[in-house]
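start31.txt, holding compact mmCIF, C-alpha atoms and all ligand atoms:
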```txt
# COMPACT_ATOMS: atom_id res chain seq x y z
CA MET S 112 -12.87 -41.58 -2.94
CA GLU S 113 -14.21 -39.12 -5.45
CA PHE S 114 -14.98 -35.41 -5.29
CA ASN S 115 -17.88 -33.54 -6.86
CA ASP S 116 -16.40 -31.81 -9.89
CA ASP S 117 -18.04 -28.41 -9.72
CA VAL S 118 -18.01 -27.68 -5.98
CA ALA S 119 -15.65 -24.83 -5.04
CA LEU S 120 -12.61 -25.38 -2.81
CA ASP S 121 -11.61 -23.00 -0.03
CA THR S 122 -7.83 -22.80 -0.09
CA SER S 123 -7.79 -20.18 2.69
CA GLN S 124 -7.94 -23.11 5.15
CA VAL S 125 -4.46 -24.22 4.08
CA GLN S 126 -1.20 -22.36 4.39
CA ASP S 127 1.43 -23.67 2.01
CA THR S 128 4.95 -22.79 3.09
CA ARG S 129 6.67 -25.47 1.03
CA GLY S 130 9.47 -24.11 -1.04
CA SER S 131 9.61 -20.86 0.90
CA GLY S 132 12.26 -22.15 3.26
CA GLY S 133 9.68 -23.57 5.62
CA GLY S 134 9.49 -21.78 8.92
CA GLY S 135 13.01 -20.51 8.48
CA ILE S 136 14.72 -23.50 10.00
CA GLY S 137 17.53 -25.06 8.02
CA GLY S 138 18.30 -28.71 8.56
CA ARG S 139 17.40 -30.76 11.56
CA VAL S 140 16.60 -28.97 14.77
CA ALA S 141 15.54 -30.63 17.96
CA LEU S 142 12.22 -29.83 19.56
CA GLY S 143 12.20 -26.80 21.74
CA GLY S 144 12.60 -23.09 21.51
CA GLY S 145 9.63 -20.86 20.87
CA GLY S 146 7.36 -19.31 23.41
CA VAL S 147 6.28 -22.19 25.57
CA GLY S 148 9.67 -23.66 26.40
CA ILE S 149 10.95 -27.12 25.74
CA ILE S 150 8.87 -29.00 28.30
CA GLY S 151 5.67 -27.37 27.15
CA ALA S 152 6.56 -27.98 23.54
CA ILE S 153 7.30 -31.64 24.10
CA LEU S 154 4.12 -32.09 26.09
CA TYR S 155 2.10 -30.50 23.32
CA PHE S 156 3.67 -32.69 20.70
CA VAL S 157 3.26 -35.80 22.74
CA LEU S 158 -0.39 -34.92 23.20
CA SER S 159 -1.09 -33.94 19.67
CA GLN S 160 0.94 -35.82 17.14
CA LEU S 161 -0.55 -38.59 15.13
CA GLY S 162 1.62 -41.40 16.33
CA GLY S 163 4.96 -40.80 14.71
CA LEU S 164 8.12 -41.84 16.43
CA PRO S 165 9.62 -39.41 18.89
CA ALA S 166 12.66 -37.62 17.54
CA GLY S 167 15.86 -39.52 18.19
CA SER S 168 14.23 -42.90 18.63
CA GLY S 169 16.33 -44.40 15.90
CA GLY S 170 16.04 -44.89 12.19
CA SER S 171 15.66 -42.16 9.68
CA PRO S 172 13.51 -39.25 10.78
CA LEU S 173 9.99 -39.24 9.45
CA GLY S 174 9.94 -37.57 6.10
CA LEU S 175 13.12 -35.62 6.23
CA ASP S 176 15.55 -37.97 4.59
CA ASP S 177 13.22 -39.09 1.87
CA VAL S 178 12.34 -35.77 0.37
CA GLN S 179 13.96 -35.66 -3.02
CA SER S 180 14.74 -32.29 -4.46
CA GLY S 181 11.74 -30.81 -6.13
CA GLN S 182 9.47 -33.63 -5.03
CA SER S 183 7.40 -31.80 -2.50
CA VAL S 184 8.69 -28.31 -2.88
CA SER S 185 6.03 -26.67 -4.96
CA SER S 186 5.96 -23.02 -5.71
CA ALA S 187 2.51 -23.34 -7.22
CA ASP S 188 -0.04 -21.24 -5.46
CA LEU S 189 -2.75 -23.52 -4.11
CA SER S 190 -5.42 -20.91 -4.69
CA GLN S 191 -4.59 -20.90 -8.41
CA GLU S 192 -4.15 -24.63 -8.67
CA CYS S 193 -7.09 -25.82 -6.59
CA ARG S 194 -10.39 -24.23 -7.53
CA THR S 195 -12.96 -27.01 -7.66
CA GLY S 196 -13.62 -30.66 -6.91
CA ALA S 197 -12.40 -31.45 -10.42
CA ASP S 198 -8.96 -30.21 -9.37
CA ALA S 199 -9.22 -32.37 -6.25
CA ASN S 200 -9.92 -35.39 -8.47
CA ALA S 201 -6.86 -34.58 -10.55
CA LYS S 202 -4.25 -33.40 -8.04
CA GLU S 203 -3.26 -34.76 -4.65
CA ASP S 204 -2.59 -31.35 -3.07
CA CYS S 205 -6.06 -30.19 -4.06
CA ALA S 206 -7.58 -33.42 -2.75
CA LEU S 207 -6.12 -32.61 0.67
CA VAL S 208 -7.57 -29.10 0.53
CA ALA S 209 -10.96 -30.63 -0.30
CA VAL S 210 -10.66 -33.09 2.58
CA ILE S 211 -9.81 -30.29 5.00
CA ASN S 212 -12.80 -28.29 3.74
CA SER S 213 -15.02 -31.31 4.27
CA ILE S 214 -13.76 -32.03 7.77
CA GLN S 215 -14.24 -28.43 8.86
CA GLY S 216 -17.61 -28.28 7.10
CA TYR S 217 -18.74 -31.18 9.21
CA TRP S 218 -17.56 -29.70 12.50
CA THR S 219 -18.99 -26.28 11.68
CA ASP S 220 -22.32 -27.95 11.15
CA GLN S 221 -22.05 -30.18 14.21
CA PHE S 222 -21.06 -27.34 16.56
CA ALA S 223 -23.94 -25.20 15.24
CA ARG S 224 -26.37 -28.04 15.96
CA SER S 225 -25.26 -28.11 19.55
CA GLY S 226 -25.56 -24.35 19.86
CA SER S 227 -21.89 -23.42 19.73
CA ARG S 228 -19.49 -22.09 17.18
CA TYR S 229 -16.69 -23.99 15.50
CA GLN S 230 -13.55 -21.97 14.84
CA LEU S 231 -11.76 -22.79 11.60
CA ALA S 232 -8.21 -24.07 12.00
CA THR S 233 -5.51 -23.66 9.36
CA THR S 234 -3.43 -26.59 8.16
CA ASN S 235 0.18 -25.75 7.34
CA PHE S 236 2.00 -27.73 4.64
CA PHE S 237 5.70 -27.48 5.37
CA THR S 238 8.93 -29.20 4.42
CA GLY S 239 11.69 -30.03 6.85
CA GLY S 240 11.06 -27.72 9.76
CA VAL S 241 8.54 -25.23 11.03
CA ARG S 242 8.04 -22.71 13.82
CA THR S 243 4.75 -23.01 15.64
CA GLY S 244 3.00 -21.61 18.69
CA CYS S 245 4.23 -24.76 20.44
CA GLY S 246 7.87 -24.23 19.54
CA SER S 247 9.96 -25.34 16.59
CA ALA S 248 9.53 -28.77 15.09
CA THR S 249 10.99 -30.87 12.33
CA SER S 250 9.25 -33.46 10.21
CA ASP S 251 10.55 -36.08 12.66
CA VAL S 252 7.55 -35.67 14.91
CA GLY S 253 5.04 -36.51 12.19
CA PRO S 254 1.85 -34.53 11.62
CA PHE S 255 0.63 -32.68 14.69
CA TYR S 256 -1.85 -30.21 16.07
CA CYS S 257 -0.61 -27.31 18.19
CA PRO S 258 -3.21 -26.27 20.79
CA ALA S 259 -1.40 -22.98 21.50
CA ASP S 260 -2.00 -21.58 18.01
CA SER S 261 -4.84 -23.94 17.03
CA GLU S 262 -3.21 -25.03 13.79
CA VAL S 263 -2.37 -28.33 12.13
CA TYR S 264 1.13 -28.95 10.76
CA ILE S 265 2.12 -31.56 8.24
CA ASP S 266 5.06 -32.34 6.02
CA LEU S 267 3.36 -34.21 3.20
CA ALA S 268 6.41 -36.45 2.91
CA PHE S 269 4.88 -38.22 5.92
CA PHE S 270 2.34 -39.83 3.61
CA LYS S 271 5.09 -41.41 1.54
CA GLU S 272 6.73 -42.48 4.79
CA LEU S 273 3.54 -44.22 5.86
CA GLU S 274 3.86 -46.47 2.84
CA THR S 275 7.61 -46.99 2.66
CA ARG S 276 8.41 -47.21 6.36
CA PHE S 277 5.19 -48.20 8.08
CA GLY S 278 4.09 -50.44 5.20
CA ALA S 279 0.67 -48.85 4.82
CA GLN S 280 -1.37 -49.18 1.63
CA GLY S 281 -1.80 -45.41 1.50
CA GLY S 282 -4.21 -43.57 -0.77
CA THR S 283 -6.16 -40.34 -0.47
CA PHE S 284 -8.58 -41.60 2.13
CA ALA S 285 -5.76 -42.91 4.29
CA GLU S 286 -4.40 -39.37 4.21
CA ALA S 287 -7.85 -38.02 4.98
CA TYR S 288 -7.92 -40.12 8.15
CA VAL S 289 -4.63 -38.58 9.27
CA LEU S 290 -5.96 -35.05 8.75
CA ALA S 291 -9.31 -35.85 10.35
CA HIS S 292 -7.43 -37.20 13.40
CA GLU S 293 -5.52 -33.92 13.76
CA TYR S 294 -8.76 -31.95 13.44
CA GLY S 295 -10.13 -34.23 16.13
CA HIS S 296 -7.50 -32.67 18.39
CA HIS S 297 -8.71 -29.22 17.36
CA VAL S 298 -12.23 -30.18 18.37
CA GLN S 299 -10.90 -31.42 21.72
CA ASN S 300 -9.12 -28.11 22.16
CA LEU S 301 -12.29 -26.13 21.41
CA LEU S 302 -14.33 -28.30 23.78
CA GLY S 303 -11.75 -27.98 26.55
CA THR S 304 -11.06 -31.72 26.61
CA SER S 305 -7.33 -31.45 25.97
CA ALA S 306 -6.88 -29.01 28.85
CA LYS S 307 -8.13 -31.59 31.37
CA VAL S 308 -5.74 -34.32 30.34
CA ARG S 309 -3.23 -35.49 32.91
CA GLU S 310 0.32 -36.19 31.85
CA GLY S 311 1.63 -39.71 31.57
CA THR S 312 1.69 -42.78 29.39
CA GLY S 313 0.25 -46.28 29.71
CA PRO S 314 -2.63 -48.27 28.25
CA THR S 315 -5.35 -46.45 30.20
CA SER S 316 -3.67 -43.05 30.43
CA ASP S 317 -5.48 -39.84 29.60
CA GLY S 318 -3.09 -39.37 26.70
CA VAL S 319 -4.18 -42.64 25.10
CA ARG S 320 -7.85 -41.79 25.69
CA LEU S 321 -7.34 -38.42 24.01
CA GLU S 322 -5.72 -40.04 20.97
CA LEU S 323 -8.38 -42.72 20.64
CA GLN S 324 -11.06 -40.05 20.87
CA ALA S 325 -9.37 -38.17 18.00
CA ASP S 326 -9.49 -41.40 15.98
CA CYS S 327 -13.18 -41.74 16.82
CA TYR S 328 -13.85 -38.15 15.74
CA ALA S 329 -12.10 -38.94 12.46
CA GLY S 330 -14.50 -41.83 12.00
CA VAL S 331 -17.49 -39.62 12.80
CA TRP S 332 -16.44 -37.22 10.04
CA ALA S 333 -16.00 -40.14 7.62
CA ASN S 334 -19.60 -41.16 8.32
CA HIS S 335 -20.84 -37.71 7.24
CA ALA S 336 -18.24 -36.94 4.59
CA THR S 337 -20.46 -37.43 1.54
CA THR S 338 -23.42 -35.52 2.94
CA VAL S 339 -22.05 -32.58 4.87
CA PRO S 340 -22.00 -29.30 2.93
CA THR S 341 -18.88 -27.16 2.77
CA SER S 342 -18.89 -23.36 2.61
CA SER S 343 -20.22 -23.49 -0.95
CA GLY S 344 -23.37 -25.20 0.32
CA GLN S 345 -22.69 -28.57 -1.31
CA PRO S 346 -20.82 -31.69 -0.23
CA LEU S 347 -17.35 -31.87 -1.74
CA ILE S 348 -17.00 -35.61 -1.43
CA LYS S 349 -19.06 -37.62 -3.89
CA SER S 350 -18.27 -41.12 -2.75
CA ILE S 351 -16.28 -43.19 -0.28
CA THR S 352 -15.80 -46.89 -0.87
CA GLN S 353 -15.20 -49.81 1.46
CA ASP S 354 -11.66 -49.86 0.11
CA ASP S 355 -11.22 -46.27 1.36
CA ILE S 356 -12.39 -47.23 4.85
CA ASN S 357 -10.09 -50.25 4.80
CA ARG S 358 -7.15 -48.01 3.94
CA ALA S 359 -7.95 -45.71 6.86
CA LEU S 360 -8.11 -48.72 9.18
CA ASP S 361 -4.86 -49.99 7.72
CA VAL S 362 -3.12 -46.72 8.66
CA ALA S 363 -4.70 -46.79 12.12
CA ALA S 364 -3.19 -50.24 12.62
CA ARG S 365 0.27 -49.16 11.40
CA ILE S 366 0.50 -46.30 13.84
CA GLY S 367 -0.69 -48.22 16.87
CA ASP S 368 1.82 -48.16 19.73
CA ASP S 369 2.31 -51.93 19.72
CA TYR S 370 2.90 -52.05 15.97
CA ILE S 371 5.44 -49.22 16.15
CA GLN S 372 7.24 -50.72 19.13
CA LYS S 373 7.38 -54.13 17.50
CA ASN S 374 8.30 -53.11 13.98
CA LEU S 375 9.95 -49.70 14.17
CA GLY S 376 11.18 -49.54 17.75
CA GLY S 377 12.99 -51.90 20.05
CA GLY S 378 10.99 -54.94 18.97
CA ARG S 379 9.33 -55.49 22.32
CA VAL S 380 5.86 -54.29 23.30
CA ASP S 381 5.88 -52.16 26.45
CA GLU S 382 2.38 -51.06 27.38
CA SER S 383 3.65 -48.64 30.02
CA GLN S 384 4.99 -46.50 27.18
CA PHE S 385 1.73 -46.43 25.21
CA SER S 386 0.78 -42.90 24.18
CA HIS S 387 -1.70 -43.39 21.34
CA GLY S 388 -3.27 -46.81 21.90
CA SER S 389 -2.74 -50.21 20.32
CA SER S 390 -3.43 -50.93 16.67
CA ALA S 391 -6.61 -52.81 17.58
CA GLN S 392 -7.80 -49.93 19.75
CA ARG S 393 -7.13 -47.32 17.08
CA GLU S 394 -9.07 -49.38 14.54
CA LYS S 395 -11.86 -49.95 17.02
CA TRP S 396 -12.38 -46.28 17.85
CA PHE S 397 -12.22 -45.12 14.23
CA SER S 398 -14.84 -47.76 13.45
CA THR S 399 -17.00 -46.70 16.40
CA GLY S 400 -17.09 -43.14 15.10
CA TYR S 401 -17.66 -44.27 11.53
CA GLN S 402 -20.51 -46.59 12.42
CA THR S 403 -22.37 -44.27 14.77
CA GLY S 404 -21.63 -40.94 13.09
CA ASN S 405 -22.14 -39.48 16.54
CA PRO S 406 -19.43 -37.63 18.50
CA THR S 407 -21.05 -38.59 21.80
CA SER S 408 -20.10 -42.21 21.03
CA CYS S 409 -16.48 -41.07 21.33
CA ASP S 410 -16.35 -40.71 25.11
CA THR S 411 -13.14 -42.65 25.57
CA PHE S 412 -12.69 -41.02 28.97
CA ALA S 413 -15.81 -42.74 30.31
CA ALA S 414 -15.08 -46.06 28.60
CA ARG S 415 -14.10 -48.75 31.10
CA ASN S 416 -12.81 -50.96 28.34
CA LEU S 417 -10.89 -49.20 25.57
CA GLY S 418 -10.87 -52.38 23.49
ZN ZN R 1 -3.05 -37.45 17.82
```

Take the structure in the file and give it back as structure tokens.
Amino acid sequence: MEFNDDVALDTSQVQDTRGSGGGGIGGRVALGGGGVGIIGAILYFVLSQLGGLPAGSGGSPLGLDDVQSGQSVSSADLSQECRTGADANAKEDCALVAVINSIQGYWTDQFARSGSRYQLATTNFFTGGVRTGCGSATSDVGPFYCPADSEVYIDLAFFKELETRFGAQGGTFAEAYVLAHEYGHHVQNLLGTSAKVREGTGPTSDGVRLELQADCYAGVWANHATTVPTSSGQPLIKSITQDDINRALDVAARIGDDYIQKNLGGGRVDESQFSHGSSAQREKWFSTGYQTGNPTSCDTFAARNLG
């Protein structure tokens, strides 16, 4: 993927707490604490995370152990570093800012078309641990959206983890899919979809339908990514290739419940524990959104057959 060199970036959509001691949590801390209590926090994370392993499910925690000193702790101020699309073409951090601008540009536009107002959501870059409106979390849970404070949280070490642990090809557009999925949860929160979801796991559970819908919304954004204007009035993304789409699909497949259970869990597929959908389903719903470019094609709750 390539960005338009002279289009301005809006770094106010990203909060960078890397290198500042994160949210004030040293070392590994289990989920819990914070305002909503441990059950609420776990429920939120289960509903909103991308598909990472639950904390304590074995193996090294996502991200945490692989952060080398200095690697992702940047004291650089994003607003100084990331001014235009040219910076996004040159630096990974700035590329993520550009992607976030594009995603939110699309939803701003889409909500306005349907007569409502999209509320911007901040993405927080953190390292190790973070306090959120949904309680405290470590990198173990993977990237997530917190409905209570309407913000996205990500330790960027997760992207390295996707390649080294999940075996994904990676690349900027693969990362864009992850972010677009989390913003899909923000859209669900704004539309009131997440509030109606009933607890529970399983292949046809509401939780799985919610996750697959977020994948579909990510695909819808991808369809519009090169045409939708950001706050500067111009599209930030110049081009997306078939290779980019393939990399997004590759990630979708690596974070499917069956893939994780088989390759990173106990080795046996147990559909009753599905929380995000199978690899094939995640690919299918991203593709549905990408092909139609229409959020109404993402009604996974009405779908009799999820794929
Ligand atoms: Zn999710």

(request) Dump the neighbourhood of ligand ZN 1 (chain R) as a VMD selection string: all residues within 12 Å, distances computed on only C-alpha atoms and all ligand atoms. (result) chain S and resid 155 to 163 252 to 258 263 to 264 288 to 300 305 318 to 329 363 366 to 368 386 to 388 393

Give the centre and edge lengths of an axis-aligned box, in Å to one decimal, that holds all listed atoms of segment 237-254 of chain S with 6 Å on each side, as AutoDock Vina command-line options.
```
--center_x 6.8 --center_y -29.1 --center_z 12.4 --size_x 21.8 --size_y 26.9 --size_z 28.0
```

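Shell of Asn374 of chain S at 10 Å, with all atoms listed in the file counted and residues fewer than 6 places along the chain excluded, is Arg276, Phe277, Arg365, Asp368 and Val380 of chain S.
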
Considering all atoms listed in the file, give me a table of residues in segment 336-399 of chain S that are at most 12 Å from segment 188-197 of chain S, with the closest atom pair and distance in Å for each, as JSON lines.
```
{"residue": "S:Thr341", "atom": "CA", "partner": "S:Gly196", "partner_atom": "CA", "distance": 11.6}
{"residue": "S:Ser343", "atom": "CA", "partner": "S:Thr195", "partner_atom": "CA", "distance": 10.5}
{"residue": "S:Gln345", "atom": "CA", "partner": "S:Gly196", "partner_atom": "CA", "distance": 10.9}
{"residue": "S:Pro346", "atom": "CA", "partner": "S:Gly196", "partner_atom": "CA", "distance": 9.9}
{"residue": "S:Leu347", "atom": "CA", "partner": "S:Gly196", "partner_atom": "CA", "distance": 6.5}
{"residue": "S:Ile348", "atom": "CA", "partner": "S:Gly196", "partner_atom": "CA", "distance": 8.1}
{"residue": "S:Lys349", "atom": "CA", "partner": "S:Gly196", "partner_atom": "CA", "distance": 9.3}
```

(request) Rank nothing, just name the residue among S:Val339, S:Ala285, S:Ala414, S:Ile211 nearest to Arg358 of chain S, using only C-alpha atoms. (result)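 Checking each candidate against Arg358 of chain S, we get S:Ala285 as the closest.
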
(message) Using only C-alpha atoms, which protein or nucleic acid residues come within 8 Å of Thr399 of chain S? Drop anything in the same chain fewer than 3 positions from it, and give the result as a PyMOL selection string.
(response) chain S and resi 327+330-331+395-396+402-403+408-409

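For the set S:Ala359, S:Leu417, S:Ala306, S:Ala287, the residue with the smallest atom-to-atom gap to Leu267 of chain S is S:Ala287, counting all atoms listed in the file.
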
(request) Go through S:Cys205, S:Val125, S:Val210, S:Val362 and flag the residue nearest Ile265 of chain S, using only C-alpha atoms for the distances. (result)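 Using only C-alpha atoms, the shortest distance to Ile265 of chain S belongs to S:Val125.
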
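The list of residues with at least one atom within 9 Å of segment 223-229 of chain S, based on only C-alpha atoms and without residues fewer than 3 positions apart in the same chain, reads Gln215, Trp218, Thr219, Asp220, Val298 and Leu301 of chain S.
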